[in-house]
Structures are given as C-alpha cells and as structure tokens.
>>> print(open('protein.pdb').read())   # PDB, C-alpha atoms
ATOM      1  CA  MET A   1     -33.272  43.414 -21.373  1.00  0.00           C
ATOM      2  CA  GLU A   2     -31.221  40.790 -23.130  1.00  0.00           C
ATOM      3  CA  GLY A   3     -32.661  37.584 -24.469  1.00  0.00           C
ATOM      4  CA  PRO A   4     -31.619  34.141 -23.377  1.00  0.00           C
ATOM      5  CA  ALA A   5     -27.952  33.333 -23.775  1.00  0.00           C
ATOM      6  CA  LYS A   6     -27.099  31.593 -26.979  1.00  0.00           C
ATOM      7  CA  GLY A   7     -24.445  28.982 -27.367  1.00  0.00           C
ATOM      8  CA  THR A   8     -23.648  25.741 -28.972  1.00  0.00           C
ATOM      9  CA  VAL A   9     -24.162  22.287 -27.641  1.00  0.00           C
ATOM     10  CA  THR A  10     -21.148  20.064 -27.890  1.00  0.00           C
ATOM     11  CA  SER A  11     -21.701  16.360 -27.671  1.00  0.00           C
ATOM     12  CA  LEU A  12     -19.814  14.474 -25.001  1.00  0.00           C
ATOM     13  CA  SER A  13     -18.604  11.975 -27.596  1.00  0.00           C
ATOM     14  CA  SER A  14     -16.760  14.727 -29.465  1.00  0.00           C
ATOM     15  CA  LEU A  15     -14.910  15.770 -26.302  1.00  0.00           C
ATOM     16  CA  PHE A  16     -14.200  12.274 -24.997  1.00  0.00           C
ATOM     17  CA  PRO A  17     -14.264   9.560 -27.659  1.00  0.00           C
ATOM     18  CA  VAL A  18     -15.522   6.234 -26.308  1.00  0.00           C
ATOM     19  CA  GLU A  19     -12.264   4.429 -27.088  1.00  0.00           C
ATOM     20  CA  GLU A  20     -10.135   7.057 -25.326  1.00  0.00           C
ATOM     21  CA  ALA A  21     -12.360   7.034 -22.238  1.00  0.00           C
ATOM     22  CA  GLN A  22     -12.189   3.231 -22.136  1.00  0.00           C
ATOM     23  CA  LYS A  23      -8.386   3.277 -22.501  1.00  0.00           C
ATOM     24  CA  ALA A  24      -8.105   5.857 -19.725  1.00  0.00           C
ATOM     25  CA  SER A  25     -10.352   3.758 -17.507  1.00  0.00           C
ATOM     26  CA  LYS A  26      -8.234   0.678 -18.171  1.00  0.00           C
ATOM     27  CA  ARG A  27      -5.008   2.554 -17.335  1.00  0.00           C
ATOM     28  CA  VAL A  28      -6.510   3.802 -14.081  1.00  0.00           C
ATOM     29  CA  GLU A  29      -7.684   0.271 -13.179  1.00  0.00           C
ATOM     30  CA  GLU A  30      -4.136  -1.020 -13.797  1.00  0.00           C
ATOM     31  CA  THR A  31      -2.763   1.701 -11.542  1.00  0.00           C
ATOM     32  CA  ILE A  32      -5.298   0.765  -8.862  1.00  0.00           C
ATOM     33  CA  SER A  33      -4.137  -2.840  -9.106  1.00  0.00           C
ATOM     34  CA  GLU A  34      -0.486  -1.781  -8.686  1.00  0.00           C
ATOM     35  CA  ARG A  35      -1.337   0.406  -5.692  1.00  0.00           C
ATOM     36  CA  GLN A  36      -3.349  -2.435  -4.144  1.00  0.00           C
ATOM     37  CA  LYS A  37      -0.253  -4.655  -4.373  1.00  0.00           C
ATOM     38  CA  GLN A  38       1.778  -1.885  -2.749  1.00  0.00           C
ATOM     39  CA  LEU A  39      -0.844  -1.609   0.013  1.00  0.00           C
ATOM     40  CA  ASP A  40      -0.741  -5.375   0.620  1.00  0.00           C
ATOM     41  CA  HIS A  41       3.070  -5.222   0.784  1.00  0.00           C
ATOM     42  CA  LEU A  42       2.954  -2.389   3.342  1.00  0.00           C
ATOM     43  CA  ARG A  43       0.385  -4.276   5.414  1.00  0.00           C
ATOM     44  CA  ASP A  44       2.651  -7.348   5.403  1.00  0.00           C
ATOM     45  CA  PHE A  45       5.509  -5.154   6.676  1.00  0.00           C
ATOM     46  CA  SER A  46       3.239  -3.806   9.394  1.00  0.00           C
ATOM     47  CA  VAL A  47       2.241  -7.320  10.507  1.00  0.00           C
ATOM     48  CA  ASP A  48       5.906  -8.379  10.544  1.00  0.00           C
ATOM     49  CA  ASN A  49       6.792  -5.283  12.568  1.00  0.00           C
ATOM     50  CA  ASN A  50       4.088  -6.045  15.160  1.00  0.00           C
ATOM     51  CA  THR A  51       5.260  -9.660  15.398  1.00  0.00           C
ATOM     52  CA  LEU A  52       8.828  -8.465  15.951  1.00  0.00           C
ATOM     53  CA  ILE A  53       7.704  -6.038  18.660  1.00  0.00           C
ATOM     54  CA  ASN A  54       5.982  -8.900  20.504  1.00  0.00           C
ATOM     55  CA  LEU A  55       9.101 -11.065  20.232  1.00  0.00           C
ATOM     56  CA  VAL A  56      11.429  -8.304  21.456  1.00  0.00           C
ATOM     57  CA  GLN A  57       9.124  -7.714  24.429  1.00  0.00           C
ATOM     58  CA  ARG A  58       9.250 -11.396  25.440  1.00  0.00           C
ATOM     59  CA  LEU A  59      12.969 -12.126  24.947  1.00  0.00           C
ATOM     60  CA  PRO A  60      14.322 -10.306  28.045  1.00  0.00           C
ATOM     61  CA  ASP A  61      11.931 -12.260  30.307  1.00  0.00           C
ATOM     62  CA  GLN A  62      14.532 -15.066  30.520  1.00  0.00           C
ATOM     63  CA  LEU A  63      18.324 -15.049  30.694  1.00  0.00           C
ATOM     64  CA  HIS A  64      18.656 -17.407  27.734  1.00  0.00           C
ATOM     65  CA  HIS A  65      16.522 -19.227  25.168  1.00  0.00           C
ATOM     66  CA  ASP A  66      17.243 -22.608  23.597  1.00  0.00           C
ATOM     67  CA  ILE A  67      16.711 -22.405  19.843  1.00  0.00           C
ATOM     68  CA  MET A  68      17.469 -24.189  16.582  1.00  0.00           C
ATOM     69  CA  VAL A  69      19.990 -22.107  14.624  1.00  0.00           C
ATOM     70  CA  PRO A  70      19.701 -22.205  10.813  1.00  0.00           C
ATOM     71  CA  PHE A  71      22.856 -23.289   9.005  1.00  0.00           C
ATOM     72  CA  GLY A  72      22.398 -22.872   5.269  1.00  0.00           C
ATOM     73  CA  LYS A  73      19.025 -23.439   3.632  1.00  0.00           C
ATOM     74  CA  ALA A  74      18.199 -26.871   5.002  1.00  0.00           C
ATOM     75  CA  ALA A  75      20.299 -27.512   8.111  1.00  0.00           C
ATOM     76  CA  PHE A  76      19.698 -26.534  11.737  1.00  0.00           C
ATOM     77  CA  PHE A  77      21.663 -27.162  14.894  1.00  0.00           C
ATOM     78  CA  PRO A  78      20.831 -26.515  18.552  1.00  0.00           C
ATOM     79  CA  GLY A  79      21.908 -23.214  20.014  1.00  0.00           C
ATOM     80  CA  ARG A  80      21.207 -20.761  22.781  1.00  0.00           C
ATOM     81  CA  LEU A  81      20.343 -17.059  22.757  1.00  0.00           C
ATOM     82  CA  ILE A  82      22.158 -15.174  25.483  1.00  0.00           C
ATOM     83  CA  HIS A  83      22.242 -11.471  26.308  1.00  0.00           C
ATOM     84  CA  THR A  84      18.519 -11.317  25.512  1.00  0.00           C
ATOM     85  CA  ASN A  85      18.298  -7.627  26.359  1.00  0.00           C
ATOM     86  CA  GLU A  86      20.847  -6.573  23.722  1.00  0.00           C
ATOM     87  CA  PHE A  87      19.832  -5.917  20.116  1.00  0.00           C
ATOM     88  CA  LEU A  88      21.687  -4.750  17.059  1.00  0.00           C
ATOM     89  CA  VAL A  89      19.268  -2.384  15.305  1.00  0.00           C
ATOM     90  CA  LEU A  90      19.558  -1.170  11.713  1.00  0.00           C
ATOM     91  CA  LEU A  91      19.390   2.610  11.768  1.00  0.00           C
ATOM     92  CA  GLY A  92      19.608   2.951   8.002  1.00  0.00           C
ATOM     93  CA  GLU A  93      22.148   2.949   5.169  1.00  0.00           C
ATOM     94  CA  GLY A  94      24.172   0.130   6.723  1.00  0.00           C
ATOM     95  CA  HIS A  95      24.509   1.801  10.138  1.00  0.00           C
ATOM     96  CA  TYR A  96      23.699  -0.303  13.185  1.00  0.00           C
ATOM     97  CA  ALA A  97      23.534   0.462  16.891  1.00  0.00           C
ATOM     98  CA  GLU A  98      23.350  -1.672  19.994  1.00  0.00           C
ATOM     99  CA  ARG A  99      20.111  -1.035  21.840  1.00  0.00           C
ATOM    100  CA  THR A 100      18.205  -2.484  24.769  1.00  0.00           C
ATOM    101  CA  ALA A 101      14.872  -4.218  24.307  1.00  0.00           C
ATOM    102  CA  LYS A 102      13.012  -1.100  25.464  1.00  0.00           C
ATOM    103  CA  GLN A 103      14.902   1.155  23.029  1.00  0.00           C
ATOM    104  CA  THR A 104      14.402  -1.364  20.225  1.00  0.00           C
ATOM    105  CA  ILE A 105      10.659  -1.443  20.865  1.00  0.00           C
ATOM    106  CA  GLU A 106      10.549   2.365  20.702  1.00  0.00           C
ATOM    107  CA  ILE A 107      12.335   2.285  17.335  1.00  0.00           C
ATOM    108  CA  LEU A 108       9.988  -0.430  16.033  1.00  0.00           C
ATOM    109  CA  ASN A 109       6.941   1.523  17.221  1.00  0.00           C
ATOM    110  CA  ARG A 110       8.145   4.600  15.317  1.00  0.00           C
ATOM    111  CA  ARG A 111       8.648   2.480  12.217  1.00  0.00           C
ATOM    112  CA  GLY A 112       5.174   1.036  12.708  1.00  0.00           C
ATOM    113  CA  LYS A 113       3.669   4.529  12.841  1.00  0.00           C
ATOM    114  CA  ALA A 114       5.520   5.463   9.656  1.00  0.00           C
ATOM    115  CA  LEU A 115       4.117   2.326   7.995  1.00  0.00           C
ATOM    116  CA  GLU A 116       0.593   3.285   9.125  1.00  0.00           C
ATOM    117  CA  VAL A 117       1.023   6.733   7.547  1.00  0.00           C
ATOM    118  CA  GLN A 118       2.142   5.104   4.284  1.00  0.00           C
ATOM    119  CA  VAL A 119      -0.813   2.684   4.389  1.00  0.00           C
ATOM    120  CA  GLU A 120      -3.283   5.548   4.878  1.00  0.00           C
ATOM    121  CA  SER A 121      -1.631   7.506   2.067  1.00  0.00           C
ATOM    122  CA  VAL A 122      -1.911   4.587  -0.362  1.00  0.00           C
ATOM    123  CA  LYS A 123      -5.538   3.971   0.725  1.00  0.00           C
ATOM    124  CA  ALA A 124      -6.395   7.615  -0.038  1.00  0.00           C
ATOM    125  CA  LEU A 125      -4.654   7.358  -3.401  1.00  0.00           C
ATOM    126  CA  ILE A 126      -6.636   4.219  -4.242  1.00  0.00           C
ATOM    127  CA  GLN A 127      -9.892   5.990  -3.336  1.00  0.00           C
ATOM    128  CA  ASP A 128      -8.973   8.902  -5.632  1.00  0.00           C
ATOM    129  CA  LEU A 129      -8.098   6.494  -8.442  1.00  0.00           C
ATOM    130  CA  LYS A 130     -11.407   4.665  -7.998  1.00  0.00           C
ATOM    131  CA  ALA A 131     -13.267   7.974  -8.331  1.00  0.00           C
ATOM    132  CA  GLU A 132     -11.258   8.738 -11.470  1.00  0.00           C
ATOM    133  CA  ALA A 133     -12.028   5.293 -12.912  1.00  0.00           C
ATOM    134  CA  SER A 134     -15.708   5.812 -12.154  1.00  0.00           C
ATOM    135  CA  PHE A 135     -15.608   9.138 -14.012  1.00  0.00           C
ATOM    136  CA  PHE A 136     -13.998   7.553 -17.065  1.00  0.00           C
ATOM    137  CA  ASP A 137     -16.486   4.655 -17.024  1.00  0.00           C
ATOM    138  CA  ALA A 138     -19.417   7.073 -16.810  1.00  0.00           C
ATOM    139  CA  THR A 139     -17.918   9.238 -19.563  1.00  0.00           C
ATOM    140  CA  ALA A 140     -17.447   6.203 -21.810  1.00  0.00           C
ATOM    141  CA  SER A 141     -21.064   5.124 -21.297  1.00  0.00           C
ATOM    142  CA  GLU A 142     -22.399   8.638 -21.887  1.00  0.00           C
ATOM    143  CA  SER A 143     -20.247   8.967 -25.003  1.00  0.00           C
ATOM    144  CA  ALA A 144     -21.558   5.647 -26.277  1.00  0.00           C
ATOM    145  CA  VAL A 145     -25.151   6.781 -25.685  1.00  0.00           C
ATOM    146  CA  CYS A 146     -24.463  10.097 -27.434  1.00  0.00           C
ATOM    147  CA  LEU A 147     -23.003   8.231 -30.400  1.00  0.00           C
ATOM    148  CA  LEU A 148     -26.109   6.065 -30.593  1.00  0.00           C
ATOM    149  CA  VAL A 149     -28.346   9.108 -30.575  1.00  0.00           C
ATOM    150  CA  LEU A 150     -26.273  11.048 -33.110  1.00  0.00           C
ATOM    151  CA  CYS A 151     -25.432   8.205 -35.456  1.00  0.00           C
ATOM    152  CA  TYR A 152     -28.570   6.137 -35.392  1.00  0.00           C
ATOM    153  CA  GLY A 153     -31.183   8.543 -34.175  1.00  0.00           C
ATOM    154  CA  ALA A 154     -32.034   6.142 -31.366  1.00  0.00           C
ATOM    155  CA  ARG A 155     -34.553   7.243 -28.815  1.00  0.00           C
ATOM    156  CA  ILE A 156     -33.815   6.838 -25.164  1.00  0.00           C
ATOM    157  CA  LEU A 157     -36.814   6.397 -22.947  1.00  0.00           C
TER     158      LEU A 157
END
>>> encode(input="protein.pdb", output="structure tokens")
Amino acid sequence: MEGPAKGTVTSLSSLFPVEEAQKASKRVEETISERQKQLDHLRDFSVDNNTLINLVQRLPDQLHHDIMVPFGKAAFFPGRLIHTNEFLVLLGEGHYAERTAKQTIEILNRRGKALEVQVESVKALIQDLKAEASFFDATASESAVCLLVLCYGARIL
C-alpha cells in the first residue's frame, strides 16, 4: 500500500500577484460598465420601438391628422398627415418599401423581438463578467492574505 500522496503547496500569491488580480478586476469592471451602457442603449431602442408601434396602430383610425411640421431646427408650420395607412419602411442598407400599417407593425414587432434577444444576450454577458470580477476580487484578497502570512508571519484567527 502506498503512503499519502506527496506534493508541493504553491501559494496563491505566487500564481496571481495582488496587483495583477486587481488590474484584471478593474478591466472587467470597465467592461461591465461599457456593456451596461450598451444595455441601456438597447433598452432605449426597445422603448422607442414600442412607442412607434403604438403610433402606427393609431394613425389609420382617422383619414387625416393635423400636425405641426418641423422646418429646420427651430421652425414649425401647420400641416396635415394624409394616407395614414401608408408607410415607407426601411428594410436595410438604404432600401425602403411601402407598407400598410398592419405590415409595418409586423416588421416593428420582429425588430422588437430581435432587440429583446440582444438585451438578454447583453444581460447574460454582464452576469458572466460580474462573476469574473468577483473571482478576481476574491483572488486579490486571498493573495493579499497569503502575502501577509508569508511575509510577516501574521496569524489569521
């Protein structure tokens, strides 16, 4: 029968120096901040898309709508929306198509679903980054404790 396995003990501070773990944690926190901005931007798009869907649903209820038409940055003049069931929809890459309100709503709903998928993807990425940041923070603290024990012979109770 063999005896207990022998090996060496390697301190955590030698594998992950405190400074490197802190730098890694800081980089991950910066990435989380960037992704949070991206998430906020996507959520703003989603809110705008839902607002547009509501508007497109209401426009065909009347034959025309009296509005104030913007002219430049500061001027407006009275106008009227006619043909309220006809929309020019951007299909992508500068291509547009005339669509009815119902077709436009279908397109906007598909875009909304795509935005929701992107939001969920960024949320999952942020969760992963938070776990990574937590690991680096814990590693930095453990490395600091190991350094205290090795360098100063401190006792931890």
>>> resolve_selection(input="protein.pdb", expression="the PyMOL selection byres ((chain A and resi 24) around 12)", output="ChimeraX atom specification")
/A:16-23,25-31,129,132-140
>>> resolve_selection(input="protein.pdb", expression="the PyMOL selection byres ((chain A and resi 106) around 12)", output="ChimeraX atom specification")
/A:49-50,52-53,56-57,89,99-105,107-113
>>> atom_distance(input="protein.pdb", atom1="CA of Gly79 (chain A)", atom2="CA of Leu59 (chain A)")
15.1 Å
>>> residues_near_point(input="protein.pdb", point="(22.1, -13.6, 25.6)", cutoff="10 Å", atoms="all atoms listed in the file", output="PDB file with C-alpha atoms, in the frame of the given file")
ATOM      1  CA  LEU A  59      12.969 -12.126  24.947  1.00  0.00           C
ATOM      2  CA  PRO A  60      14.322 -10.306  28.045  1.00  0.00           C
ATOM      3  CA  GLN A  62      14.532 -15.066  30.520  1.00  0.00           C
ATOM      4  CA  LEU A  63      18.324 -15.049  30.694  1.00  0.00           C
ATOM      5  CA  HIS A  64      18.656 -17.407  27.734  1.00  0.00           C
ATOM      6  CA  HIS A  65      16.522 -19.227  25.168  1.00  0.00           C
ATOM      7  CA  ARG A  80      21.207 -20.761  22.781  1.00  0.00           C
ATOM      8  CA  LEU A  81      20.343 -17.059  22.757  1.00  0.00           C
ATOM      9  CA  ILE A  82      22.158 -15.174  25.483  1.00  0.00           C
ATOM     10  CA  HIS A  83      22.242 -11.471  26.308  1.00  0.00           C
ATOM     11  CA  THR A  84      18.519 -11.317  25.512  1.00  0.00           C
ATOM     12  CA  ASN A  85      18.298  -7.627  26.359  1.00  0.00           C
ATOM     13  CA  GLU A  86      20.847  -6.573  23.722  1.00  0.00           C
ATOM     14  CA  PHE A  87      19.832  -5.917  20.116  1.00  0.00           C
TER      15      PHE A  87
END
>>> closest_residue(input="protein.pdb", among="A:Leu90, A:Val122, A:Ala114, A:Ala131", to="Leu39 (chain A)", atoms="all atoms listed in the file")
A:Val122
>>> closest_residue(input="protein.pdb", among="A:Ile32, A:Ala75, A:Ala97, A:Leu115", to="Asp48 (chain A)", atoms="all atoms listed in the file")
A:Leu115
>>> atom_distance(input="protein.pdb", atom1="CA of Leu91 (chain A)", atom2="CA of Phe45 (chain A)")
16.7 Å
>>> atom_distance(input="protein.pdb", atom1="CA of Ser46 (chain A)", atom2="CA of Gly94 (chain A)")
21.5 Å
>>> closest_residue(input="protein.pdb", among="A:Glu116, A:Arg58, A:Lys130, A:Leu88", to="Leu42 (chain A)", atoms="all atoms listed in the file")
A:Glu116
>>> closest_residue(input="protein.pdb", among="A:Thr51, A:Val119, A:Glu98, A:Phe77", to="Lys37 (chain A)", atoms="only C-alpha atoms")
A:Val119
